Amino acid sequence: MGDMTEIDGMGTERAICVLAQNPSAMTLDGTNTWIIAEPGSEEAVVVDPGPRDGKHLRRVLETVEAQGRRVGLILLTHGHPDHSAGAGKFAKLAGGSVKVRALDPRHRLGDEGLSEGDVVTTGGLELRIMETPGHSDDSLTFWLPADGAVLTGDTVLGYGTTVLEGGLGDYLSSLDRLRAFSADVEAATILPGHGPKLDDPIAVLDHYIDHRRERLAQVEAAVAAGARTAREVVERVYADVDKALWPAAEASVQSQLDYLNSR
């Protein structure tokens with residue numbers, strides 16, 4: 001685990017993290033809810049309100065109100081419950097007309113979605129939306145140019161590596177894209193969905209890409225040595241990983257096997 005005191009309250013000039021109290025093997029220290037606002041603005045954008053935990057949701061709202069602001073909009077990086085389950089309840093707490101925008105229509109409140117190329121300008125902010133599937137099919141990344149900050153949801157975590165529910169081909173493309181983008185715009189920091197912020201985006205993305213290539217080579221080797229199912233591959237490749245994480249590893253391995261088969 002990271003240092004929770006470091007995570008709660010971390011951020012940039014425009015973004016601050018409120019850490020949900022839902023730590024686990026899958027959520028690391030808990031879900032990072034991000035409050036983002038332009039200096040001097042009366043409206044804030046809340047990214048990933050988190051689980052349906054009244055105490056956390058109230059603390060997020062109190063943090064916005066302590067800034068002298070109100071919630072203008074709620075955004076989701078993706079629909080996994082540890083990021084999105086509290087969104088409806090949070091919208092009610094924040095006031096009747098607050099909308100929830102997400103890529104997946106099932107997680108929206110209001111008729112406005114989020115997709116590639118959208119720009120959110122609530123309260124004078126500029127937040128650019130990129131579709132980065134892989135961790136899940138509906139995963140988005142948000143670019144906050146004024147702070148040089150990339151909000152990655154679960155596509156890139158503060159430590160450890162991401163479990164894949166979507167396709168590995170998609171995920172590798174998303175990582176390559178984020179790597180090229182971060183170099184192009186000289187991104188200063190990654191604000192992830194779990195774990196501490198990362199102040200060397202290029203090094204982190206290189207590590208992620210190398211890790212995926214390495215795992216893929218290990219999976220290929222396991223298959224060559226006779227492993228047939230995702231479970232059999234996990235037993236060989238993830239022997240040193242806590243068994244509690246094996247079911248999640250199996251999902252990632254399955255996406256790696258699908259990727260190898262499709263080639």
# chains A, B, ... in the order shown; residues from 1 in each chain; ligands from 1

call {"tool": "residues_around", "arguments": {"residues": "stretch 183-196 of chain A", "least_positions_apart": "5", "cutoff": "7 Å", "atoms": "only C-alpha atoms", "output": "list in words"}}
result
Gly2, Ile7, Thr27, Leu28, Asp29, Gly30, Thr31, Asn32, Gly148, Ala149, Val150, Leu151, Thr152, Gly153, Asp154, Val156, Leu157, Gly158, Tyr159, Pro201 and Ile202 of chain A

call {"tool": "residues_around", "arguments": {"residues": "stretch 169-182 of chain A", "least_positions_apart": "5", "cutoff": "12 Å", "atoms": "only C-alpha atoms", "output": "PyMOL selection string"}}
result
chain A and resi 130-145+148-152+154-156+162-164+187-190+199-213+216+252+255-263

call {"tool": "select_by_dssp", "arguments": {"residues": "stretch 80-236 of chain A", "states": "alpha helix (DSSP H)", "output": "CSV table (one decimal) with N, CA and C atoms, in the first residue's frame"}}
result
chain,number,residue,atom,x,y,z
A,81,PRO,N,-17.9,0.1,-10.4
A,81,PRO,CA,-18.6,0.6,-9.3
A,81,PRO,C,-17.8,1.4,-8.3
A,82,ASP,N,-16.5,1.0,-8.2
A,82,ASP,CA,-15.7,1.8,-7.2
A,82,ASP,C,-15.5,3.2,-7.6
A,83,HIS,N,-15.8,3.5,-8.9
A,83,HIS,CA,-15.7,4.9,-9.4
A,83,HIS,C,-17.0,5.5,-9.6
A,84,SER,N,-18.0,4.7,-9.9
A,84,SER,CA,-19.3,5.3,-10.4
A,84,SER,C,-20.5,5.0,-9.5
A,87,ALA,N,-22.3,7.9,-8.0
A,87,ALA,CA,-22.5,9.1,-8.8
A,87,ALA,C,-24.0,9.7,-8.7
A,88,GLY,N,-25.0,8.8,-8.8
A,88,GLY,CA,-26.4,9.2,-8.7
A,88,GLY,C,-26.7,9.9,-7.4
A,89,LYS,N,-26.2,9.2,-6.3
A,89,LYS,CA,-26.5,9.8,-5.0
A,89,LYS,C,-25.7,11.1,-4.8
A,90,PHE,N,-24.5,11.2,-5.3
A,90,PHE,CA,-23.7,12.4,-5.2
A,90,PHE,C,-24.4,13.6,-5.9
A,91,ALA,N,-24.9,13.2,-7.1
A,91,ALA,CA,-25.6,14.3,-7.9
A,91,ALA,C,-26.8,14.9,-7.1
A,92,LYS,N,-27.5,14.0,-6.4
A,92,LYS,CA,-28.7,14.4,-5.6
A,92,LYS,C,-28.2,15.3,-4.4
A,93,LEU,N,-27.1,14.9,-3.8
A,93,LEU,CA,-26.5,15.7,-2.7
A,93,LEU,C,-26.1,17.0,-3.2
A,94,ALA,N,-25.5,17.1,-4.4
A,94,ALA,CA,-24.9,18.3,-4.9
A,94,ALA,C,-26.0,19.3,-5.4
A,168,LEU,N,-6.4,-6.5,-25.0
A,168,LEU,CA,-5.0,-6.1,-24.9
A,168,LEU,C,-4.5,-5.3,-26.0
A,169,GLY,N,-5.0,-5.6,-27.2
A,169,GLY,CA,-4.6,-4.8,-28.4
A,169,GLY,C,-5.1,-3.3,-28.2
A,170,ASP,N,-6.3,-3.2,-27.7
A,170,ASP,CA,-6.8,-1.8,-27.4
A,170,ASP,C,-5.9,-1.2,-26.3
A,171,TYR,N,-5.6,-1.9,-25.3
A,171,TYR,CA,-4.8,-1.4,-24.2
A,171,TYR,C,-3.5,-0.9,-24.6
A,172,LEU,N,-2.8,-1.8,-25.4
A,172,LEU,CA,-1.5,-1.4,-25.9
A,172,LEU,C,-1.5,-0.1,-26.7
A,173,SER,N,-2.6,-0.1,-27.6
A,173,SER,CA,-2.8,1.2,-28.4
A,173,SER,C,-3.0,2.4,-27.5
A,174,SER,N,-3.8,2.2,-26.4
A,174,SER,CA,-4.1,3.3,-25.5
A,174,SER,C,-2.8,3.8,-24.8
A,175,LEU,N,-2.0,2.8,-24.4
A,175,LEU,CA,-0.7,3.2,-23.7
A,175,LEU,C,0.3,3.9,-24.7
A,176,ASP,N,0.4,3.4,-25.9
A,176,ASP,CA,1.2,4.0,-26.9
A,176,ASP,C,0.7,5.4,-27.2
A,177,ARG,N,-0.6,5.5,-27.3
A,177,ARG,CA,-1.1,6.9,-27.6
A,177,ARG,C,-0.9,7.8,-26.4
A,178,LEU,N,-1.1,7.4,-25.2
A,178,LEU,CA,-0.8,8.3,-24.0
A,178,LEU,C,0.7,8.6,-23.9
A,179,ARG,N,1.5,7.7,-24.3
A,179,ARG,CA,3.0,7.9,-24.3
A,179,ARG,C,3.4,9.0,-25.3
A,180,ALA,N,2.8,8.9,-26.5
A,180,ALA,CA,3.1,9.9,-27.6
A,180,ALA,C,2.5,11.2,-27.2
A,181,PHE,N,1.3,11.2,-26.7
A,181,PHE,CA,0.6,12.4,-26.3
A,181,PHE,C,1.3,13.1,-25.2
A,182,SER,N,1.7,12.4,-24.2
A,182,SER,CA,2.4,13.0,-23.0
A,182,SER,C,3.7,13.6,-23.4
A,183,ALA,N,4.4,13.0,-24.4
A,183,ALA,CA,5.7,13.6,-24.9
A,183,ALA,C,5.4,14.8,-25.7
A,184,ASP,N,4.4,14.8,-26.5
A,184,ASP,CA,4.0,15.9,-27.4
A,184,ASP,C,3.6,17.1,-26.6
A,185,VAL,N,2.8,16.9,-25.5
A,185,VAL,CA,2.3,18.1,-24.8
A,185,VAL,C,3.2,18.4,-23.5
A,201,PRO,N,5.5,11.3,-16.2
A,201,PRO,CA,4.5,10.5,-17.0
A,201,PRO,C,5.2,9.6,-18.1
A,202,ILE,N,6.3,10.1,-18.7
A,202,ILE,CA,6.9,9.3,-19.8
A,202,ILE,C,7.6,8.1,-19.2
A,203,ALA,N,8.3,8.2,-18.1
A,203,ALA,CA,8.9,7.0,-17.5
A,203,ALA,C,7.9,6.0,-17.0
A,204,VAL,N,6.8,6.5,-16.5
A,204,VAL,CA,5.7,5.6,-16.0
A,204,VAL,C,5.1,4.8,-17.2
A,205,LEU,N,4.8,5.6,-18.3
A,205,LEU,CA,4.2,4.9,-19.4
A,205,LEU,C,5.2,4.0,-20.1
A,206,ASP,N,6.4,4.3,-20.2
A,206,ASP,CA,7.4,3.4,-20.7
A,206,ASP,C,7.5,2.1,-19.8
A,207,HIS,N,7.4,2.3,-18.5
A,207,HIS,CA,7.4,1.1,-17.6
A,207,HIS,C,6.2,0.2,-17.9
A,208,TYR,N,5.0,0.9,-18.0
A,208,TYR,CA,3.8,0.1,-18.3
A,208,TYR,C,3.9,-0.7,-19.6
A,209,ILE,N,4.4,0.0,-20.6
A,209,ILE,CA,4.5,-0.6,-22.0
A,209,ILE,C,5.4,-1.8,-21.9
A,210,ASP,N,6.6,-1.6,-21.3
A,210,ASP,CA,7.6,-2.7,-21.1
A,210,ASP,C,7.0,-3.8,-20.3
A,211,HIS,N,6.3,-3.5,-19.3
A,211,HIS,CA,5.7,-4.6,-18.4
A,211,HIS,C,4.7,-5.4,-19.2
A,212,ARG,N,3.9,-4.8,-20.1
A,212,ARG,CA,2.9,-5.5,-20.9
A,212,ARG,C,3.6,-6.4,-21.9
A,213,ARG,N,4.7,-5.9,-22.5
A,213,ARG,CA,5.4,-6.7,-23.5
A,213,ARG,C,6.1,-7.9,-22.9
A,214,GLU,N,6.6,-7.6,-21.7
A,214,GLU,CA,7.3,-8.7,-20.9
A,214,GLU,C,6.3,-9.8,-20.5
A,215,ARG,N,5.1,-9.4,-20.0
A,215,ARG,CA,4.1,-10.3,-19.6
A,215,ARG,C,3.6,-11.1,-20.8
A,216,LEU,N,3.5,-10.5,-21.9
A,216,LEU,CA,3.0,-11.1,-23.1
A,216,LEU,C,4.0,-12.2,-23.6
A,217,ALA,N,5.3,-11.9,-23.5
A,217,ALA,CA,6.4,-12.8,-23.8
A,217,ALA,C,6.3,-14.0,-22.8
A,218,GLN,N,6.0,-13.8,-21.5
A,218,GLN,CA,5.9,-14.8,-20.6
A,218,GLN,C,4.7,-15.7,-20.9
A,219,VAL,N,3.6,-15.1,-21.3
A,219,VAL,CA,2.4,-15.9,-21.6
A,219,VAL,C,2.7,-16.7,-22.8
A,220,GLU,N,3.3,-16.2,-23.8
A,220,GLU,CA,3.7,-16.9,-25.0
A,220,GLU,C,4.5,-18.1,-24.7
A,221,ALA,N,5.5,-17.9,-23.8
A,221,ALA,CA,6.4,-19.0,-23.3
A,221,ALA,C,5.6,-20.1,-22.6
A,222,ALA,N,4.7,-19.7,-21.8
A,222,ALA,CA,3.8,-20.6,-21.0
A,222,ALA,C,3.0,-21.5,-22.0
A,223,VAL,N,2.5,-20.8,-23.0
A,223,VAL,CA,1.7,-21.6,-24.0
A,223,VAL,C,2.6,-22.6,-24.7
A,224,ALA,N,3.8,-22.1,-25.1
A,224,ALA,CA,4.7,-22.9,-25.8
A,224,ALA,C,5.1,-24.1,-24.9
A,230,ALA,N,-6.3,-20.0,-19.4
A,230,ALA,CA,-5.8,-18.8,-18.7
A,230,ALA,C,-5.3,-19.2,-17.3
A,231,ARG,N,-6.1,-20.1,-16.7
A,231,ARG,CA,-5.7,-20.5,-15.3
A,231,ARG,C,-4.3,-21.2,-15.3
A,232,GLU,N,-4.1,-22.1,-16.3
A,232,GLU,CA,-2.8,-22.8,-16.4
A,232,GLU,C,-1.6,-21.8,-16.6
A,233,VAL,N,-1.9,-20.7,-17.4
A,233,VAL,CA,-0.9,-19.7,-17.7
A,233,VAL,C,-0.6,-18.9,-16.4
A,234,VAL,N,-1.7,-18.6,-15.7
A,234,VAL,CA,-1.6,-17.8,-14.4
A,234,VAL,C,-0.7,-18.6,-13.4
A,235,GLU,N,-0.9,-19.9,-13.3
A,235,GLU,CA,-0.2,-20.7,-12.4
A,235,GLU,C,1.3,-20.7,-12.7
A,236,ARG,N,1.7,-20.5,-14.0
A,236,ARG,CA,3.1,-20.5,-14.3
A,236,ARG,C,3.6,-19.1,-14.2

call {"tool": "closest_residue", "arguments": {"among": "A:Asp242, A:Asp8, A:Glu38, A:Glu250", "to": "A:Thr63", "atoms": "only C-alpha atoms"}}
result
A:Asp8

call {"tool": "select_by_dssp", "arguments": {"residues": "stretch 33-256 of chain A", "states": "strand (DSSP E or B)", "output": "MDAnalysis selection string"}}
result
chainID A and resid 33:36 43:47 70:75 100:101 109 119:120 127:131 140:144 149:153 189:192 198

call {"tool": "write_last_selection", "arguments": {"atoms": "C-alpha atoms", "output": "PDB file, in the first residue's frame"}}
result
ATOM      1  CA  THR A  33     -12.153  11.212  -6.387  1.00  0.00           C
ATOM      2  CA  TRP A  34     -10.885  14.352  -8.144  1.00  0.00           C
ATOM      3  CA  ILE A  35     -12.293  17.841  -7.633  1.00  0.00           C
ATOM      4  CA  ILE A  36     -11.206  20.155 -10.453  1.00  0.00           C
ATOM      5  CA  GLU A  43     -18.131  25.843 -10.145  1.00  0.00           C
ATOM      6  CA  ALA A  44     -16.154  22.627  -9.747  1.00  0.00           C
ATOM      7  CA  VAL A  45     -16.123  19.428 -11.775  1.00  0.00           C
ATOM      8  CA  VAL A  46     -16.051  16.166  -9.792  1.00  0.00           C
ATOM      9  CA  VAL A  47     -14.396  13.189 -11.501  1.00  0.00           C
ATOM     10  CA  ARG A  70     -20.678  24.327  -6.030  1.00  0.00           C
ATOM     11  CA  VAL A  71     -20.593  21.159  -8.130  1.00  0.00           C
ATOM     12  CA  GLY A  72     -21.278  22.053 -11.754  1.00  0.00           C
ATOM     13  CA  LEU A  73     -20.743  18.637 -13.353  1.00  0.00           C
ATOM     14  CA  ILE A  74     -19.826  15.028 -12.571  1.00  0.00           C
ATOM     15  CA  LEU A  75     -17.603  13.019 -14.943  1.00  0.00           C
ATOM     16  CA  VAL A 100     -23.292  12.811 -14.781  1.00  0.00           C
ATOM     17  CA  ARG A 101     -21.429  12.436 -18.078  1.00  0.00           C
ATOM     18  CA  LEU A 109     -27.509  11.119 -15.613  1.00  0.00           C
ATOM     19  CA  VAL A 119     -13.955  19.487 -24.302  1.00  0.00           C
ATOM     20  CA  VAL A 120     -15.528  20.197 -20.913  1.00  0.00           C
ATOM     21  CA  LEU A 127     -10.686  19.475 -19.817  1.00  0.00           C
ATOM     22  CA  ARG A 128     -10.096  17.406 -22.962  1.00  0.00           C
ATOM     23  CA  ILE A 129     -11.522  13.898 -23.349  1.00  0.00           C
ATOM     24  CA  MET A 130      -9.712  10.909 -24.889  1.00  0.00           C
ATOM     25  CA  GLU A 131     -11.045   7.382 -25.330  1.00  0.00           C
ATOM     26  CA  LEU A 140     -11.551   7.560 -20.729  1.00  0.00           C
ATOM     27  CA  THR A 141      -8.544   9.777 -20.011  1.00  0.00           C
ATOM     28  CA  PHE A 142      -8.930  13.497 -19.242  1.00  0.00           C
ATOM     29  CA  TRP A 143      -6.265  16.084 -20.134  1.00  0.00           C
ATOM     30  CA  LEU A 144      -6.073  19.248 -17.998  1.00  0.00           C
ATOM     31  CA  ALA A 149      -2.095  16.895 -15.825  1.00  0.00           C
ATOM     32  CA  VAL A 150      -3.381  13.634 -17.309  1.00  0.00           C
ATOM     33  CA  LEU A 151      -6.244  11.993 -15.373  1.00  0.00           C
ATOM     34  CA  THR A 152      -5.955   8.322 -16.268  1.00  0.00           C
ATOM     35  CA  GLY A 153      -8.684   6.597 -14.232  1.00  0.00           C
ATOM     36  CA  THR A 189       1.888  14.697 -13.961  1.00  0.00           C
ATOM     37  CA  ILE A 190      -0.468  11.716 -14.041  1.00  0.00           C
ATOM     38  CA  LEU A 191      -3.443  11.885 -11.664  1.00  0.00           C
ATOM     39  CA  PRO A 192      -4.574   8.243 -11.420  1.00  0.00           C
ATOM     40  CA  LEU A 198       3.084  10.369 -10.797  1.00  0.00           C
TER      41      LEU A 198
END

call {"tool": "atom_distance", "arguments": {"atom1": "atom CA of A:Gly123", "atom2": "atom CA of A:Gly96"}}
result
17.7 Å

call {"tool": "atom_distance", "arguments": {"atom1": "atom CA of A:Arg58", "atom2": "atom CA of A:Ser115"}}
result
28.5 Å

call {"tool": "atom_distance", "arguments": {"atom1": "atom CA of A:Gly110", "atom2": "atom CA of A:Gly54"}}
result
21.9 Å

call {"tool": "closest_residue", "arguments": {"among": "A:Gln67, A:Lys99, A:Leu76, A:Ala85", "to": "A:Pro51", "atoms": "only C-alpha atoms"}}
result
A:Ala85

call {"tool": "closest_residue", "arguments": {"among": "A:Gly167, A:Val64, A:Arg69, A:His80", "to": "A:Arg52", "atoms": "only C-alpha atoms"}}
result
A:His80

call {"tool": "decode", "arguments": {"residues": "stretch 70-96 of chain A", "atoms": "N, CA and C atoms", "output": "CSV table (one decimal), in the first residue's frame"}}
result
chain,number,residue,atom,x,y,z
A,70,ARG,N,-19.6,25.3,-5.9
A,70,ARG,CA,-20.7,24.3,-6.0
A,70,ARG,C,-20.3,23.3,-7.1
A,71,VAL,N,-20.9,22.2,-7.1
A,71,VAL,CA,-20.6,21.2,-8.1
A,71,VAL,C,-21.4,21.5,-9.4
A,72,GLY,N,-20.6,21.7,-10.5
A,72,GLY,CA,-21.3,22.1,-11.8
A,72,GLY,C,-21.5,20.8,-12.6
A,73,LEU,N,-20.7,19.8,-12.5
A,73,LEU,CA,-20.7,18.6,-13.4
A,73,LEU,C,-20.0,17.5,-12.7
A,74,ILE,N,-20.5,16.3,-13.0
A,74,ILE,CA,-19.8,15.0,-12.6
A,74,ILE,C,-19.4,14.3,-13.8
A,75,LEU,N,-18.1,13.8,-13.8
A,75,LEU,CA,-17.6,13.0,-14.9
A,75,LEU,C,-17.1,11.7,-14.4
A,76,LEU,N,-17.3,10.6,-15.3
A,76,LEU,CA,-16.7,9.3,-14.9
A,76,LEU,C,-15.6,8.9,-15.9
A,77,THR,N,-14.5,8.4,-15.4
A,77,THR,CA,-13.5,7.9,-16.3
A,77,THR,C,-13.9,6.5,-16.8
A,78,HIS,N,-14.7,5.8,-16.1
A,78,HIS,CA,-15.3,4.5,-16.6
A,78,HIS,C,-16.3,4.1,-15.6
A,79,GLY,N,-17.1,3.0,-15.9
A,79,GLY,CA,-18.2,2.7,-15.1
A,79,GLY,C,-18.1,1.7,-14.0
A,80,HIS,N,-16.8,1.3,-13.7
A,80,HIS,CA,-16.7,0.3,-12.6
A,80,HIS,C,-17.2,0.9,-11.3
A,81,PRO,N,-17.9,0.1,-10.4
A,81,PRO,CA,-18.6,0.6,-9.3
A,81,PRO,C,-17.8,1.4,-8.3
A,82,ASP,N,-16.5,1.0,-8.2
A,82,ASP,CA,-15.7,1.8,-7.2
A,82,ASP,C,-15.5,3.2,-7.6
A,83,HIS,N,-15.8,3.5,-8.9
A,83,HIS,CA,-15.7,4.9,-9.4
A,83,HIS,C,-17.0,5.5,-9.6
A,84,SER,N,-18.0,4.7,-9.9
A,84,SER,CA,-19.3,5.3,-10.4
A,84,SER,C,-20.5,5.0,-9.5
A,85,ALA,N,-20.5,4.0,-8.6
A,85,ALA,CA,-21.7,3.6,-7.9
A,85,ALA,C,-22.3,4.8,-7.1
A,86,GLY,N,-21.5,5.7,-6.6
A,86,GLY,CA,-22.0,6.8,-5.8
A,86,GLY,C,-22.4,8.0,-6.6
A,87,ALA,N,-22.3,7.9,-8.0
A,87,ALA,CA,-22.5,9.1,-8.8
A,87,ALA,C,-24.0,9.7,-8.7
A,88,GLY,N,-25.0,8.8,-8.8
A,88,GLY,CA,-26.4,9.2,-8.7
A,88,GLY,C,-26.7,9.9,-7.4
A,89,LYS,N,-26.2,9.2,-6.3
A,89,LYS,CA,-26.5,9.8,-5.0
A,89,LYS,C,-25.7,11.1,-4.8
A,90,PHE,N,-24.5,11.2,-5.3
A,90,PHE,CA,-23.7,12.4,-5.2
A,90,PHE,C,-24.4,13.6,-5.9
A,91,ALA,N,-24.9,13.2,-7.1
A,91,ALA,CA,-25.6,14.3,-7.9
A,91,ALA,C,-26.8,14.9,-7.1
A,92,LYS,N,-27.5,14.0,-6.4
A,92,LYS,CA,-28.7,14.4,-5.6
A,92,LYS,C,-28.2,15.3,-4.4
A,93,LEU,N,-27.1,14.9,-3.8
A,93,LEU,CA,-26.5,15.7,-2.7
A,93,LEU,C,-26.1,17.0,-3.2
A,94,ALA,N,-25.5,17.1,-4.4
A,94,ALA,CA,-24.9,18.3,-4.9
A,94,ALA,C,-26.0,19.3,-5.4
A,95,GLY,N,-27.2,18.8,-5.6
A,95,GLY,CA,-28.3,19.7,-6.1
A,95,GLY,C,-28.9,19.2,-7.3
A,96,GLY,N,-30.2,19.5,-7.5
A,96,GLY,CA,-31.1,18.8,-8.5
A,96,GLY,C,-30.6,18.7,-9.9
